[in-house]
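**Student:** A single structure is presented below for examination.
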Amino acid sequence: MALVLNEEQSMLQQSARDFLQKTAPVKQLRTLRDQSSAKGYSAEVWQEMTAMGWPAMIIPEEFGGLGFGYTGMGVVLQETGRTLTASPLFSSGLVAASAFLMLANEQQKSRYLSGIASGEMLCSLAWDETLRYQPENITCSATRKNGAYLLSGNKLGVIDGMSASHFLVAAVIAGEADVSLFVVPADAAGVSRTAFHALDTHVLAELQLQDVVLDSEARLGGQSFSLEKLYRLLDIARIGQSAELMGVAAECFERTLVYLRERKQFGVPIGSFQALQHRAAILYSELELCKSLVLGALQKLDEGLVDLAETASLCKSKLSEIAMLATSEGIQMHGGIGMTDEFEIGFFYKRARIVETLLGDRYFHLDRFARQRGY
Amino acid sequence: MSEVTSFRAEVRHWLDQNCPQPMRNPMESEADVCWGGRNVVFQNEAQQQWLRNMASKGWTAPTWPAQYGGGGLDRTATKVLQEELQRITARIPLYSFGISMIGPAILKYGSEELKRQHLPPIVRGEIRWAQGYSEPNAGSDLASLQASLVDQGDHYLLNGSKIWTSYGDLGDWMFCLVRSDRDGPKQGGISLVLFDMRTAGVSTRPIRLISGKSPFAETFFDQVRVEKNQVVGELNGGWSVAKYLLTHEREMIGESGLGQAGTEALGEMVAAAVGLENGRLADPLLRRDIARVEMDEKALALTLERARDEAKAGASLGASSAMFKYIGTELNKRRQELLMSAQGLHALDWSGPQSDSGHLPKSWLRSRGNSIEGGTSEIQLNIVAKHLLGLPG
């Protein structure tokens, strides 16, 4: 497959860009923050996104989706990165949908996927339990009782967790080494959630589960899975995050370039100074490397590559590093105004940090990449 | 059967018949490289046969038109040929600045006469070319070069000197940037001329580098006769030809760093030297740097692939080549530093029996030149800033 977008994907990119820049630009994020939005995103924008079929992107037509593939989803996530648009597209449309596609039985797919595709169901993965990222550390327990399961435990950092209608909870059944994912309705008895306002209006949730009763149908695929197998789901999520980081970094860089051309000091544009030119040129080179990594990884997803560990960790590690570089250089090159709340560049810096931290930062993924490479 | 499939079958059959067995193993050292030329000494019969066979098909320069001895292949067919060559790990039959540099420039800018005269011998590996660009006082500021070309009626006379001529002491012909007009803007008075290095008045002196090797020479011109028909492109129009050539050179350098990376995985080599503890490289800080280089090597390979896919068939990468040159050479320097760090005392061994003739320290020292030759990293960043990012000044 050529490492370029095909015509359909390019059109999708353009229409997503047009829509987001018009309907959900960065200033909307500021409004959401100033209003202390409970959801952390605009319900109206999300409704329009679902009307365009974005959460249906990776879901096959037989389950009410568009069957447009991961590259299509990645292209849209990248555009949401450019505008810093908050929405459950990532948590529900990419991660939860992928979980059902990968792990659910036919019955569960029919039951849930069309809801995700239409946006009626908002599903969030509830996996993490530690402050520093340790995905292997799952203590949330499921106990069999009279043909049902009793679920207990705490979860942290649940993305869009305050607006989710359902959770996919990772839990261990006593006596089993492997891990199961359970579909848990947010309004089930024994479920309580607390908002965690992240530093750029992203709303995460902390989840408390106390003897939540679930029937056997709630267990994805009716079985548990090895962590190795489940990590593929997390890897899909990380590739999606990388696409978003790409958009964050690229937009921040382009805004900085404009400023370098326009801002005058000492009677000349500051972009004529070699010290800044070289930093911009190095950043550009790094972003070109990042673009190839993201597109290459999305195409591997569409080709159905099973072992994504090396690809996803490479992508997430490099994109995290370069997105932080691009956004911090963005602030520095804008000078004082870059430090003001009134100016938008700081929002990019904040978003990059959030996306890097969730699902493993550059250090976690560098370590994992090296392990995959045999050292 | 599609055209591609049948071409692949044809290539495979031909290689089976025509690639000598000893040429199907990767080269072990620089000594295995064949540069051709008048004074070529083939390592063995197989090397000579392999060059002759490939040249007879024009496949030493697969994309050049068949009428000038090239293979006349389009991009797809060239890719098939390359894949088939890789499949049997065939050696590159000919390393040649003729093929990678002056040939493409003659094809694009040269007269019909020059094409007929120079291209077929390049394809056959009969003439080895040297590049006369830099001068003692014209390095990064190449356009300020002073080697002077003066019109003598039926010929020109060349005086001056060049430096950093790759393998200049081994070249048969030289392509040389000269000042043919001293008035007006400095870029406007430059010409690219060709001459035989046996011409009276040409002399060379190898330059010894910190690696102990001498891949470059100084070249001196004292009343050297240059024929009137040996100007590539317009007289005083050499700067555009030179820029085109530099683009080719940068791409070549950017990729050569990558070729190295592709053959030997850095992590594996270092793990063998340093050892593992609980599955991780025993030195955690070295491990981190190794992983970062490996990540960037993979990203660079993908980015080159993407650039080719984005470019129209066979098109040059243009100003992007400056970026690739910058990334590729800086990456190779990081790689060499890490290999040195991993090997401890062994890395310091210049000539001992275990040192492979000092291969490791010599490669490390040589790599410092990567980001200087063909335009320094700083010049590449200037080009990126100006031509790709549109920054002023």
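Order determines the names: the first chain of the structure tokens is A, the second B, and so forth; residues in each chain are numbered 1 upward, and ligands are numbered 1 upward as they are shown.
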Which residues of chain B come within 7 Å of chain A, and for each one, what is the closest pair of atoms and their distance in Å to one decimal, counting only C-alpha atoms, sorted by chain and residue number, as JSON lines?
**Tutor:**
{"residue": "B:Gly267", "atom": "CA", "partner": "A:Tyr375", "partner_atom": "CA", "distance": 6.6}
{"residue": "B:Ala271", "atom": "CA", "partner": "A:Tyr375", "partner_atom": "CA", "distance": 6.4}
{"residue": "B:Leu276", "atom": "CA", "partner": "A:Tyr375", "partner_atom": "CA", "distance": 6.8}
{"residue": "B:Gly279", "atom": "CA", "partner": "A:Tyr375", "partner_atom": "CA", "distance": 6.1}
{"residue": "B:Arg280", "atom": "CA", "partner": "A:Tyr375", "partner_atom": "CA", "distance": 4.8}
{"residue": "B:Leu281", "atom": "CA", "partner": "A:Tyr375", "partner_atom": "CA", "distance": 5.1}
{"residue": "B:Ala291", "atom": "CA", "partner": "A:Ala370", "partner_atom": "CA", "distance": 5.8}
{"residue": "B:Met295", "atom": "CA", "partner": "A:Leu314", "partner_atom": "CA", "distance": 6.3}
{"residue": "B:Ala299", "atom": "CA", "partner": "A:Leu289", "partner_atom": "CA", "distance": 5.3}
{"residue": "B:Leu300", "atom": "CA", "partner": "A:Leu289", "partner_atom": "CA", "distance": 6.1}
{"residue": "B:Leu302", "atom": "CA", "partner": "A:Ser292", "partner_atom": "CA", "distance": 5.8}
{"residue": "B:Thr303", "atom": "CA", "partner": "A:Ser292", "partner_atom": "CA", "distance": 5.2}
{"residue": "B:Arg306", "atom": "CA", "partner": "A:Leu3", "partner_atom": "CA", "distance": 5.0}
{"residue": "B:Asp309", "atom": "CA", "partner": "A:Ala2", "partner_atom": "CA", "distance": 6.0}
{"residue": "B:Glu310", "atom": "CA", "partner": "A:Val4", "partner_atom": "CA", "distance": 6.6}
{"residue": "B:Met323", "atom": "CA", "partner": "A:Ser285", "partner_atom": "CA", "distance": 6.3}
{"residue": "B:Leu381", "atom": "CA", "partner": "A:His278", "partner_atom": "CA", "distance": 5.6}
{"residue": "B:Asn382", "atom": "CA", "partner": "A:His278", "partner_atom": "CA", "distance": 6.8}
{"residue": "B:Val384", "atom": "CA", "partner": "A:Ala281", "partner_atom": "CA", "distance": 5.7}
{"residue": "B:Ala385", "atom": "CA", "partner": "A:Ala281", "partner_atom": "CA", "distance": 5.4}
{"residue": "B:Leu391", "atom": "CA", "partner": "A:Gly271", "partner_atom": "CA", "distance": 5.7}
{"residue": "B:Pro392", "atom": "CA", "partner": "A:Ser272", "partner_atom": "CA", "distance": 4.9}
{"residue": "B:Gly393", "atom": "CA", "partner": "A:Ser272", "partner_atom": "CA", "distance": 4.9}
**Student:** Those selected residues, please, written with N, CA and C atoms and delivered as a compact mmCIF listing (two decimals), in the first residue's frame.
**Tutor:**
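Writing the result to result-v7.txt gives the following:
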# COMPACT_ATOMS: atom_id res chain seq x y z
N GLY B 267 20.38 -2.36 18.02
CA GLY B 267 20.09 -2.95 19.33
C GLY B 267 20.72 -4.32 19.48
N ALA B 271 23.45 -5.30 22.13
CA ALA B 271 23.10 -6.33 23.11
C ALA B 271 24.17 -7.42 23.14
N LEU B 276 22.45 -8.73 28.41
CA LEU B 276 21.12 -8.41 28.94
C LEU B 276 21.03 -8.79 30.42
N GLY B 279 16.24 -9.54 30.52
CA GLY B 279 15.66 -9.22 29.23
C GLY B 279 15.92 -7.79 28.76
N ARG B 280 16.53 -6.97 29.63
CA ARG B 280 16.84 -5.60 29.22
C ARG B 280 18.34 -5.43 29.09
N LEU B 281 18.73 -4.57 28.18
CA LEU B 281 20.14 -4.26 28.02
C LEU B 281 20.73 -3.85 29.37
N ALA B 291 17.43 2.85 21.74
CA ALA B 291 16.03 2.75 21.31
C ALA B 291 15.63 4.00 20.53
N MET B 295 14.31 3.98 16.73
CA MET B 295 13.01 4.56 16.39
C MET B 295 13.16 5.53 15.22
N ALA B 299 11.61 5.48 11.46
CA ALA B 299 10.79 6.61 11.00
C ALA B 299 11.37 7.21 9.72
N LEU B 300 12.69 7.28 9.63
CA LEU B 300 13.31 7.83 8.42
C LEU B 300 13.04 6.93 7.21
N LEU B 302 10.53 4.97 6.72
CA LEU B 302 9.13 5.16 6.34
C LEU B 302 8.93 6.50 5.62
N THR B 303 9.66 7.50 6.08
CA THR B 303 9.47 8.84 5.51
C THR B 303 10.03 8.92 4.09
N ARG B 306 7.47 7.28 2.00
CA ARG B 306 6.33 8.18 1.80
C ARG B 306 6.66 9.27 0.79
N ASP B 309 6.42 7.89 -2.59
CA ASP B 309 5.03 7.64 -2.98
C ASP B 309 4.32 8.94 -3.31
N GLU B 310 4.72 10.02 -2.62
CA GLU B 310 4.07 11.30 -2.87
C GLU B 310 4.58 11.94 -4.16
N MET B 323 16.35 18.00 3.91
CA MET B 323 15.89 17.44 5.17
C MET B 323 16.39 16.01 5.36
N LEU B 381 19.70 22.93 7.04
CA LEU B 381 18.62 23.55 7.83
C LEU B 381 18.26 24.92 7.25
N ASN B 382 19.26 25.63 6.74
CA ASN B 382 18.97 26.90 6.06
C ASN B 382 18.03 26.67 4.88
N VAL B 384 15.97 24.12 4.36
CA VAL B 384 14.62 23.74 4.84
C VAL B 384 13.86 25.00 5.26
N ALA B 385 14.53 25.86 6.05
CA ALA B 385 13.86 27.06 6.57
C ALA B 385 13.41 27.97 5.43
N LEU B 391 10.57 30.87 5.43
CA LEU B 391 10.99 31.89 6.39
C LEU B 391 11.85 32.93 5.68
N PRO B 392 11.75 34.17 6.10
CA PRO B 392 12.40 35.27 5.37
C PRO B 392 13.91 35.33 5.61
N GLY B 393 14.59 36.06 4.71
CA GLY B 393 16.00 36.40 4.93
C GLY B 393 16.98 35.36 4.40
**Student:** With a distance cut-off of 6 Å and only C-alpha atoms, select the neighbouring residues of A:Gln208, excluding the residue or stretch itself and same-chain residues fewer than 6 positions from it, and output the selection as a PDB file with C-alpha atoms, in the first residue's frame.
**Tutor:**
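Once everything was written out, this is around35.pdb:
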ATOM      1  CA  ASN A 154     -11.822   1.069  41.612  1.00  0.00           C
ATOM      2  CA  VAL A 191     -21.585   2.044  40.295  1.00  0.00           C
ATOM      3  CA  SER A 192     -20.531   5.498  41.383  1.00  0.00           C
TER       4      SER A 192
END
**Student:** From a backbone DSSP assignment, name each residue in stretch 119-264 of chain A labelled strand (DSSP E), as a ChimeraX atom specification.
**Tutor:** /A:123-126,141-145,148-159,166-173,180-185,191-197,203-215,264
**Student:** Could you check which of B:Val224, B:Met101, B:Leu107, B:Val274 is closest to B:Ile253, using only C-alpha atoms?
**Tutor:**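 Among the listed residues, the smallest separation from B:Ile253 belongs to B:Met101.
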**Student:** Would you list the contacts of B:Ser144 as a list in words, taking every protein, DNA or RNA residue within 10 Å and counting only C-alpha atoms, but skipping same-chain residues closer than 6 positions in sequence?
**Tutor:**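 These residues fall inside the cut-off: Ser134, Glu135, Asn137, Ala138, Arg179, Pro185, Lys186, Gln187, Gly189 and Ile190 of chain B.
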**Student:** What is the atom CA of A:Leu29-atom CA of A:Arg263 distance in Å, reported with one decimal?
**Tutor:**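 Answer for the atom CA of A:Leu29 to atom CA of A:Arg263 separation: 25.9 Å.
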**Student:** Leaving out B:Gly72 and any residue of its chain fewer than 3 positions from it, which residues lie within 10 Å of it when counting only C-alpha atoms, given as a PDB file with C-alpha atoms, in the first residue's frame?
**Tutor:**
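Writing done, so here's selection29.pdb:
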ATOM      1  CA  LYS B  57      21.214  -4.888 -20.180  1.00  0.00           C
ATOM      2  CA  GLY B  58      21.697  -1.260 -19.178  1.00  0.00           C
ATOM      3  CA  TRP B  59      20.747  -2.251 -15.645  1.00  0.00           C
ATOM      4  CA  ALA B  61      21.521   2.627 -14.838  1.00  0.00           C
ATOM      5  CA  PRO B  62      18.061   1.056 -15.139  1.00  0.00           C
ATOM      6  CA  THR B  63      16.046   4.260 -15.557  1.00  0.00           C
ATOM      7  CA  TRP B  64      18.187   5.866 -18.271  1.00  0.00           C
ATOM      8  CA  PRO B  65      16.941   5.721 -21.877  1.00  0.00           C
ATOM      9  CA  ALA B  66      18.060   2.654 -23.806  1.00  0.00           C
ATOM     10  CA  GLN B  67      19.461   4.827 -26.624  1.00  0.00           C
ATOM     11  CA  TYR B  68      22.217   5.993 -24.260  1.00  0.00           C
ATOM     12  CA  GLY B  69      22.894   2.516 -22.979  1.00  0.00           C
ATOM     13  CA  ARG B  75       9.549   3.230 -11.983  1.00  0.00           C
ATOM     14  CA  ALA B  77       9.945  -2.085 -13.536  1.00  0.00           C
ATOM     15  CA  THR B  78      12.924  -0.562 -11.744  1.00  0.00           C
TER      16      THR B  78
END
**Student:** Extract, using only C-alpha atoms, all DNA, RNA and protein residues at most 10 Å from B:Asp172, discarding same-chain residues fewer than 4 positions from it, and format them as a list of chain:residue names.
**Tutor:** B:Gly37, B:Arg38, B:Asn39, B:Glu126, B:Ile127, B:Arg128, B:Trp129, B:Ala130, B:Gly168, B:Phe195, B:Asp196, B:Met197, B:Arg198
**Student:** Give me the residues within 7 Å of A:Lys155 as a compact mmCIF listing (two decimals) with C-alpha atoms, in the first residue's frame, counting only C-alpha atoms and dropping any in the same chain fewer than 6 places off.
**Tutor:**
# COMPACT_ATOMS: atom_id res chain seq x y z
CA ALA A 126 -12.18 1.46 32.47
CA TRP A 127 -8.85 -0.27 32.85
CA ASP A 128 -6.27 1.71 34.80
CA GLU A 129 -5.99 1.56 38.59
CA GLU A 206 -12.79 7.82 38.91
CA LEU A 207 -15.03 4.80 39.16
CA GLN A 208 -16.08 2.92 42.26
**Student:** Would you mind reading off the distance between atom CA of B:Lys362 and atom CA of B:Thr165, one decimal, in Å?
**Tutor:**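 Answer for the atom CA of B:Lys362 to atom CA of B:Thr165 separation: 19.9 Å.
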**Student:** For stretch 353-358 of chain A, work out the shell of residues within 9 Å, counting only C-alpha atoms and skipping chain neighbours fewer than 4 positions away, then give it as a PDB file with C-alpha atoms, in the first residue's frame.
**Tutor:**
ATOM      1  CA  ARG A 132       1.723   5.975  37.226  1.00  0.00           C
ATOM      2  CA  TYR A 133       0.839   3.836  34.238  1.00  0.00           C
ATOM      3  CA  GLY A 157      -8.518   7.964  34.469  1.00  0.00           C
ATOM      4  CA  ILE A 159     -11.791   8.980  29.581  1.00  0.00           C
ATOM      5  CA  ALA A 198      -7.888  17.394  33.797  1.00  0.00           C
ATOM      6  CA  LEU A 199      -5.825  20.469  33.069  1.00  0.00           C
ATOM      7  CA  ASP A 200      -7.464  21.415  29.776  1.00  0.00           C
ATOM      8  CA  HIS A 202     -10.940  17.034  29.546  1.00  0.00           C
ATOM      9  CA  ARG A 238      -2.355   4.455  21.270  1.00  0.00           C
ATOM     10  CA  GLN A 241      -3.790   8.981  20.272  1.00  0.00           C
ATOM     11  CA  SER A 242      -0.748   9.350  18.037  1.00  0.00           C
ATOM     12  CA  GLU A 244      -4.481  13.157  17.577  1.00  0.00           C
ATOM     13  CA  LEU A 245      -1.015  14.233  18.769  1.00  0.00           C
ATOM     14  CA  LYS A 316       3.260   6.769  20.894  1.00  0.00           C
ATOM     15  CA  SER A 317       6.762   7.345  22.225  1.00  0.00           C
ATOM     16  CA  LEU A 319       4.697  11.361  18.873  1.00  0.00           C
ATOM     17  CA  SER A 320       4.577  12.158  22.591  1.00  0.00           C
ATOM     18  CA  GLU A 321       8.097  13.509  22.540  1.00  0.00           C
ATOM     19  CA  ALA A 323       4.207  16.888  20.293  1.00  0.00           C
ATOM     20  CA  MET A 324       5.635  18.154  23.579  1.00  0.00           C
ATOM     21  CA  PHE A 348      -1.963  22.804  22.638  1.00  0.00           C
ATOM     22  CA  TYR A 349       0.742  22.320  25.244  1.00  0.00           C
ATOM     23  CA  ARG A 362       7.161   8.297  26.046  1.00  0.00           C
TER      24      ARG A 362
END
**Student:** I'd like to know which residues of stretch 198-241 of chain A are alpha helix (DSSP H) (by DSSP, run on the backbone); could you write them as an MDAnalysis selection string?
**Tutor:** chainID A and resid 227:241
**Student:** Restricting it to N, CA and C atoms, dump the selection as a tab-separated table (two decimals), in the first residue's frame.
**Tutor:**
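Result written to selection09.tsv:
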chain	number	residue	atom	x	y	z
A	227	LEU	N	-3.35	-11.01	28.76
A	227	LEU	CA	-3.00	-9.59	28.66
A	227	LEU	C	-2.39	-9.28	27.30
A	228	GLU	N	-1.57	-10.20	26.80
A	228	GLU	CA	-0.94	-10.01	25.49
A	228	GLU	C	-2.00	-9.69	24.44
A	229	LYS	N	-3.07	-10.49	24.47
A	229	LYS	CA	-4.12	-10.30	23.48
A	229	LYS	C	-4.83	-8.96	23.70
A	230	LEU	N	-5.09	-8.65	24.97
A	230	LEU	CA	-5.81	-7.41	25.26
A	230	LEU	C	-4.97	-6.17	24.95
A	231	TYR	N	-3.66	-6.33	25.03
A	231	TYR	CA	-2.80	-5.18	24.75
A	231	TYR	C	-2.98	-4.69	23.32
A	232	ARG	N	-3.44	-5.58	22.45
A	232	ARG	CA	-3.68	-5.14	21.08
A	232	ARG	C	-4.74	-4.03	21.05
A	233	LEU	N	-5.74	-4.16	21.95
A	233	LEU	CA	-6.77	-3.12	22.04
A	233	LEU	C	-6.13	-1.80	22.49
A	234	LEU	N	-5.26	-1.88	23.50
A	234	LEU	CA	-4.61	-0.66	23.98
A	234	LEU	C	-3.72	-0.08	22.88
A	235	ASP	N	-3.12	-0.95	22.09
A	235	ASP	CA	-2.25	-0.47	21.01
A	235	ASP	C	-3.05	0.28	19.94
A	236	ILE	N	-4.24	-0.22	19.65
A	236	ILE	CA	-5.10	0.50	18.71
A	236	ILE	C	-5.38	1.90	19.26
A	237	ALA	N	-5.69	1.95	20.56
A	237	ALA	CA	-5.97	3.24	21.19
A	237	ALA	C	-4.77	4.17	21.08
A	238	ARG	N	-3.57	3.62	21.29
A	238	ARG	CA	-2.35	4.46	21.27
A	238	ARG	C	-2.07	4.99	19.87
A	239	ILE	N	-2.40	4.19	18.87
A	239	ILE	CA	-2.21	4.68	17.50
A	239	ILE	C	-3.20	5.81	17.23
A	240	GLY	N	-4.42	5.66	17.75
A	240	GLY	CA	-5.40	6.75	17.63
A	240	GLY	C	-4.91	8.01	18.35
A	241	GLN	N	-4.35	7.83	19.54
A	241	GLN	CA	-3.79	8.98	20.27
A	241	GLN	C	-2.67	9.64	19.47
**Student:** Hey, can you check how far atom CA of A:Ala56 sits from atom CA of A:Gly115?
**Tutor:**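 Separation of atom CA of A:Ala56 and atom CA of A:Gly115: 9.4 Å.
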**Student:** Go through B:Ser6, B:Asn370, B:Gln17, B:Ser203 and flag the residue nearest B:Phe221, using only C-alpha atoms for the distances.
**Tutor:**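 Smallest distance to B:Phe221 is found for B:Ser203.
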